[in-house]
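Visitor: This one is coords.pdb, PDB, C-alpha atoms.
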```pdb
ATOM      1  CA  MET A 123      55.444  74.989 102.130  1.00  0.00           C
ATOM      2  CA  ALA A 124      56.455  78.208 103.839  1.00  0.00           C
ATOM      3  CA  ASN A 125      57.181  78.314 107.541  1.00  0.00           C
ATOM      4  CA  TYR A 126      55.983  80.914 110.015  1.00  0.00           C
ATOM      5  CA  TRP A 127      57.974  82.751 112.649  1.00  0.00           C
ATOM      6  CA  LEU A 128      57.830  85.532 115.213  1.00  0.00           C
ATOM      7  CA  MET A 129      60.731  87.969 115.431  1.00  0.00           C
ATOM      8  CA  LYS A 130      61.095  90.326 118.383  1.00  0.00           C
ATOM      9  CA  SER A 131      62.754  93.710 118.386  1.00  0.00           C
ATOM     10  CA  GLU A 132      62.820  96.516 120.885  1.00  0.00           C
ATOM     11  CA  PRO A 133      61.257  99.436 119.002  1.00  0.00           C
ATOM     12  CA  PHE A 134      63.787 101.948 120.311  1.00  0.00           C
ATOM     13  CA  LYS A 135      66.539  99.812 118.701  1.00  0.00           C
ATOM     14  CA  TYR A 136      64.778  98.665 115.508  1.00  0.00           C
ATOM     15  CA  SER A 137      61.063  99.189 114.951  1.00  0.00           C
ATOM     16  CA  TRP A 138      58.530  98.180 112.320  1.00  0.00           C
ATOM     17  CA  ASP A 139      58.740 101.731 110.966  1.00  0.00           C
ATOM     18  CA  ASP A 140      62.534 101.353 110.652  1.00  0.00           C
ATOM     19  CA  LEU A 141      62.074  98.197 108.563  1.00  0.00           C
ATOM     20  CA  VAL A 142      59.472  99.910 106.371  1.00  0.00           C
ATOM     21  CA  ALA A 143      61.788 102.887 105.840  1.00  0.00           C
ATOM     22  CA  GLU A 144      64.734 100.621 104.923  1.00  0.00           C
ATOM     23  CA  LYS A 145      62.583  98.354 102.684  1.00  0.00           C
ATOM     24  CA  GLU A 146      64.870  95.446 103.649  1.00  0.00           C
ATOM     25  CA  GLY A 147      66.686  94.877 106.915  1.00  0.00           C
ATOM     26  CA  VAL A 148      69.231  92.439 108.339  1.00  0.00           C
ATOM     27  CA  TRP A 149      67.945  90.544 111.373  1.00  0.00           C
ATOM     28  CA  ASP A 150      71.150  90.262 113.368  1.00  0.00           C
ATOM     29  CA  GLY A 151      72.449  90.471 116.914  1.00  0.00           C
ATOM     30  CA  VAL A 152      70.668  87.308 118.103  1.00  0.00           C
ATOM     31  CA  ARG A 153      72.707  85.571 120.806  1.00  0.00           C
ATOM     32  CA  ASN A 154      70.488  82.666 121.870  1.00  0.00           C
ATOM     33  CA  HIS A 155      71.085  79.161 120.513  1.00  0.00           C
ATOM     34  CA  THR A 156      67.409  78.265 119.989  1.00  0.00           C
ATOM     35  CA  ALA A 157      66.779  81.577 118.216  1.00  0.00           C
ATOM     36  CA  LYS A 158      69.950  81.026 116.140  1.00  0.00           C
ATOM     37  CA  ASN A 159      68.672  77.599 115.084  1.00  0.00           C
ATOM     38  CA  ASN A 160      65.349  79.161 114.120  1.00  0.00           C
ATOM     39  CA  LEU A 161      67.171  81.756 111.999  1.00  0.00           C
ATOM     40  CA  ARG A 162      69.173  78.983 110.314  1.00  0.00           C
ATOM     41  CA  ALA A 163      65.936  77.082 109.575  1.00  0.00           C
ATOM     42  CA  MET A 164      64.348  80.055 107.790  1.00  0.00           C
ATOM     43  CA  GLU A 165      63.910  79.967 104.038  1.00  0.00           C
ATOM     44  CA  VAL A 166      63.286  82.685 101.481  1.00  0.00           C
ATOM     45  CA  GLY A 167      59.533  83.337 101.382  1.00  0.00           C
ATOM     46  CA  ASP A 168      58.874  82.372 105.007  1.00  0.00           C
ATOM     47  CA  GLU A 169      56.716  84.909 106.812  1.00  0.00           C
ATOM     48  CA  ALA A 170      57.254  86.299 110.293  1.00  0.00           C
ATOM     49  CA  PHE A 171      55.292  88.396 112.710  1.00  0.00           C
ATOM     50  CA  PHE A 172      57.188  91.543 113.721  1.00  0.00           C
ATOM     51  CA  TYR A 173      56.825  91.883 117.490  1.00  0.00           C
ATOM     52  CA  HIS A 174      57.708  94.987 119.486  1.00  0.00           C
ATOM     53  CA  SER A 175      59.262  93.815 122.756  1.00  0.00           C
ATOM     54  CA  ARG A 176      59.761  95.791 125.964  1.00  0.00           C
ATOM     55  CA  GLU A 177      57.663  98.705 124.652  1.00  0.00           C
ATOM     56  CA  GLY A 178      54.242  97.849 123.320  1.00  0.00           C
ATOM     57  CA  LEU A 179      54.499  94.069 123.735  1.00  0.00           C
ATOM     58  CA  GLU A 180      52.523  93.494 120.559  1.00  0.00           C
ATOM     59  CA  ILE A 181      52.679  92.077 117.066  1.00  0.00           C
ATOM     60  CA  VAL A 182      52.535  95.030 114.685  1.00  0.00           C
ATOM     61  CA  GLY A 183      53.318  93.668 111.234  1.00  0.00           C
ATOM     62  CA  ILE A 184      54.252  90.819 108.922  1.00  0.00           C
ATOM     63  CA  CYS A 185      57.594  90.584 107.175  1.00  0.00           C
ATOM     64  CA  GLU A 186      59.012  88.087 104.718  1.00  0.00           C
ATOM     65  CA  VAL A 187      62.424  86.439 104.628  1.00  0.00           C
ATOM     66  CA  SER A 188      64.191  87.798 101.531  1.00  0.00           C
ATOM     67  CA  VAL A 189      67.683  86.321 102.090  1.00  0.00           C
ATOM     68  CA  ALA A 190      68.271  83.240 104.245  1.00  0.00           C
ATOM     69  CA  GLY A 191      71.329  81.498 105.645  1.00  0.00           C
ATOM     70  CA  ILE A 192      73.703  84.391 106.171  1.00  0.00           C
ATOM     71  CA  ASP A 193      76.244  84.831 108.921  1.00  0.00           C
ATOM     72  CA  ASP A 194      75.525  87.580 111.412  1.00  0.00           C
ATOM     73  CA  PRO A 195      77.587  90.605 110.301  1.00  0.00           C
ATOM     74  CA  THR A 196      77.834  91.781 113.931  1.00  0.00           C
ATOM     75  CA  ASP A 197      79.542  88.526 114.987  1.00  0.00           C
ATOM     76  CA  GLU A 198      83.298  88.195 114.526  1.00  0.00           C
ATOM     77  CA  THR A 199      83.275  84.508 115.536  1.00  0.00           C
ATOM     78  CA  GLY A 200      81.063  83.417 112.637  1.00  0.00           C
ATOM     79  CA  LYS A 201      78.864  81.194 114.789  1.00  0.00           C
ATOM     80  CA  TRP A 202      75.704  83.327 114.871  1.00  0.00           C
ATOM     81  CA  ALA A 203      73.074  83.484 112.131  1.00  0.00           C
ATOM     82  CA  ALA A 204      71.107  86.237 110.450  1.00  0.00           C
ATOM     83  CA  VAL A 205      68.546  86.701 107.683  1.00  0.00           C
ATOM     84  CA  LYS A 206      67.272  89.609 105.651  1.00  0.00           C
ATOM     85  CA  VAL A 207      63.593  90.525 105.810  1.00  0.00           C
ATOM     86  CA  LYS A 208      61.257  92.820 103.902  1.00  0.00           C
ATOM     87  CA  PRO A 209      58.046  94.299 105.273  1.00  0.00           C
ATOM     88  CA  LYS A 210      54.835  92.839 103.825  1.00  0.00           C
ATOM     89  CA  ARG A 211      52.115  94.660 105.705  1.00  0.00           C
ATOM     90  CA  ARG A 212      51.235  96.355 108.943  1.00  0.00           C
ATOM     91  CA  LEU A 213      48.517  94.539 110.880  1.00  0.00           C
ATOM     92  CA  GLU A 214      45.114  96.203 110.821  1.00  0.00           C
ATOM     93  CA  ARG A 215      45.204  96.073 114.597  1.00  0.00           C
ATOM     94  CA  PRO A 216      48.227  95.148 116.719  1.00  0.00           C
ATOM     95  CA  VAL A 217      47.810  91.944 118.720  1.00  0.00           C
ATOM     96  CA  THR A 218      49.093  92.299 122.272  1.00  0.00           C
ATOM     97  CA  LEU A 219      50.918  89.714 124.345  1.00  0.00           C
ATOM     98  CA  LYS A 220      48.099  89.984 126.888  1.00  0.00           C
ATOM     99  CA  GLU A 221      45.559  88.992 124.209  1.00  0.00           C
ATOM    100  CA  ILE A 222      47.742  86.121 123.023  1.00  0.00           C
ATOM    101  CA  LYS A 223      48.137  84.795 126.568  1.00  0.00           C
ATOM    102  CA  ALA A 224      44.352  85.035 127.082  1.00  0.00           C
ATOM    103  CA  GLU A 225      43.624  82.924 123.976  1.00  0.00           C
ATOM    104  CA  PRO A 226      43.457  79.236 125.050  1.00  0.00           C
ATOM    105  CA  ARG A 227      44.289  78.008 121.531  1.00  0.00           C
ATOM    106  CA  LEU A 228      47.673  79.770 121.814  1.00  0.00           C
ATOM    107  CA  GLU A 229      48.787  78.320 125.160  1.00  0.00           C
ATOM    108  CA  GLN A 230      51.469  76.173 123.443  1.00  0.00           C
ATOM    109  CA  CYS A 231      52.775  79.053 121.315  1.00  0.00           C
ATOM    110  CA  GLU A 232      56.544  79.597 121.766  1.00  0.00           C
ATOM    111  CA  LEU A 233      55.843  83.272 122.487  1.00  0.00           C
ATOM    112  CA  VAL A 234      53.872  82.153 125.550  1.00  0.00           C
ATOM    113  CA  ARG A 235      55.989  79.144 126.592  1.00  0.00           C
ATOM    114  CA  GLN A 236      59.429  80.704 125.965  1.00  0.00           C
ATOM    115  CA  SER A 237      58.709  84.386 126.434  1.00  0.00           C
ATOM    116  CA  ARG A 238      62.361  85.464 126.251  1.00  0.00           C
ATOM    117  CA  LEU A 239      62.995  83.784 122.887  1.00  0.00           C
ATOM    118  CA  SER A 240      63.697  86.487 120.288  1.00  0.00           C
ATOM    119  CA  VAL A 241      63.008  84.361 117.193  1.00  0.00           C
ATOM    120  CA  ALA A 242      60.226  81.815 117.636  1.00  0.00           C
ATOM    121  CA  LYS A 243      58.535  79.208 115.459  1.00  0.00           C
ATOM    122  CA  ILE A 244      54.819  79.756 114.847  1.00  0.00           C
ATOM    123  CA  THR A 245      52.606  76.878 113.696  1.00  0.00           C
ATOM    124  CA  PRO A 246      50.228  77.402 110.750  1.00  0.00           C
ATOM    125  CA  GLU A 247      47.277  77.131 113.167  1.00  0.00           C
ATOM    126  CA  GLU A 248      48.785  79.756 115.519  1.00  0.00           C
ATOM    127  CA  TRP A 249      49.471  81.987 112.510  1.00  0.00           C
ATOM    128  CA  SER A 250      45.805  81.806 111.429  1.00  0.00           C
ATOM    129  CA  ILE A 251      44.524  82.502 114.930  1.00  0.00           C
ATOM    130  CA  ILE A 252      46.758  85.553 115.396  1.00  0.00           C
ATOM    131  CA  CYS A 253      45.845  86.891 111.931  1.00  0.00           C
ATOM    132  CA  GLU A 254      42.147  86.521 112.888  1.00  0.00           C
ATOM    133  CA  MET A 255      42.790  88.406 116.115  1.00  0.00           C
ATOM    134  CA  ALA A 256      44.433  91.238 114.147  1.00  0.00           C
ATOM    135  CA  GLU A 257      41.327  91.654 112.007  1.00  0.00           C
ATOM    136  CA  SER A 258      38.795  91.794 114.843  1.00  0.00           C
TER     137      SER A 258
END
```
Any chance you could put this one into structure tokens?

Guide:
Amino acid sequence: MANYWLMKSEPFKYSWDDLVAEKEGVWDGVRNHTAKNNLRAMEVGDEAFFYHSREGLEIVGICEVSVAGIDDPTDETGKWAAVKVKPKRRLERPVTLKEIKAEPRLEQCELVRQSRLSVAKITPEEWSIICEMAES
């Protein structure tokens, strides 16, 4: 069974459009231990929401893990993790952090509980709820 994730990026550094243009990108530069563990837990085929942080504060697309379990190429120590992702689809309608926080069924979501976490686990139920929100 595939797992679900949320991956944050500041759009001025690496945006959804950048990933689409590249067709496959390396998710690197993560320097938080919980986020690193989440990256290490990812498997090929897992899906992730692509979240624009700082600017926009919204989920804009869905990407898929294409290569798992790689060392972060920006890390000379070899202790940080990375994955490669490919874009799957842009959401019909971005889902904002404000909307997510206002949805009672998402109050335990890592995006809400650990707002600074750059790579977060999303439960299948949370995934379904957010996908519903993107279609309304």

Visitor: Between A:Ser250, A:Asn160, A:Thr245, A:Ser137, which has the minimum distance to Trp202 of chain A (counting all atoms listed in the file)?

Guide: A:Asn160

Visitor: Return the single residue from A:Asp139, A:Asp150, A:Ile184, A:Leu161 that is closest to Ala242 of chain A, with distances computed using all atoms listed in the file.

Guide: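 Of all the options, A:Leu161 lies closest to Ala242 of chain A.
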
Visitor: Evaluate the PyMOL selection byres ((chain A and resi 125) around 10) on the structure here and hand back the selected residues as a list in words.

Guide: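 On the file shown, the PyMOL selection byres ((chain A and resi 125) around 10) covers Met123, Ala124, Tyr126, Trp127, Ala163, Met164, Glu165, Val166, Gly167, Asp168, Glu169, Ala170, Lys243, Ile244, Thr245, Pro246 and Trp249 of chain A.
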
Visitor: Convert the output of the PyMOL selection byres ((chain A and resi 173) around 8) on the shown file into explicit residues, formatted as a PyMOL selection string.

Guide: chain A and resi 128-131+171-172+174-175+179-183

Visitor: Neighbours of Glu177 of chain A within 9 Å (all atoms listed in the file; same-chain residues fewer than 6 positions away dropped), as a tab-separated table (two decimals) with C-alpha atoms, keeping the file's coordinate frame?

Guide:
```tsv
chain	number	residue	atom	x	y	z
A	132	GLU	CA	62.82	96.52	120.88
A	133	PRO	CA	61.26	99.44	119.00
A	134	PHE	CA	63.79	101.95	120.31
```

Visitor: Which one of A:Glu146, A:Cys231, A:Gly151, A:Gln236 sits closest to Glu198 of chain A if you count all atoms listed in the file?

Guide: A:Gly151

Visitor: Between atom CA of Glu247 of chain A and atom CA of Glu221 of chain A, what is the spacing in Å?

Guide: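 Atom CA of Glu221 of chain A sits 16.3 Å away from atom CA of Glu247 of chain A.
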
Visitor: Please list as JSON, numbers by chain every residue within 12 Å of Arg153 of chain A, counting only C-alpha atoms and excluding residues in the same chain fewer than 6 positions away.

Guide: {"A": [159, 160, 161, 194, 196, 197, 199, 200, 201, 202, 203, 204, 238, 239, 240, 241]}

Visitor: Let me make sure I understand: among A:Arg176, A:Pro195, A:Arg212, A:Glu186, which one has the smallest atom-to-atom distance to Val152 of chain A if we use only C-alpha atoms?

Guide: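 Distance minimum relative to Val152 of chain A lands on A:Pro195.
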
Visitor: Using only C-alpha atoms, which residue out of A:Glu214, A:Glu248, A:Lys206, A:Lys135 lies closest to Pro226 of chain A?

Guide: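 When distances to Pro226 of chain A are compared using only C-alpha atoms, the smallest one comes from A:Glu248.
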
Visitor: Between atom CA of Leu141 of chain A and atom CA of Glu229 of chain A, what is the distance, to one decimal in Å?

Guide: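 Computing the Euclidean distance for atom CA of Leu141 of chain A and atom CA of Glu229 of chain A yields 29.1 Å.
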
Visitor: Between atom CA of His155 of chain A and atom CA of Arg227 of chain A, what distance in Å does the model show, to one decimal?

Guide: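 Going from atom CA of His155 of chain A over to atom CA of Arg227 of chain A covers 26.8 Å.
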
Visitor: If the PyMOL selection byres ((chain A and resi 257) around 8) were run on this exact file, what residues would it hold? Put them as a ChimeraX atom specification.

Guide: /A:213-215,253-256,258

Visitor: Could you give me the centre and size, in Å to one decimal, of an axis-aligned box around all listed atoms of segment 249-252 of chain A with 5 Å added on every side, as JSON?

Guide:
```
{"center_x": 47.0, "center_y": 83.7, "center_z": 113.4, "size_x": 14.9, "size_y": 13.7, "size_z": 14.0}
```
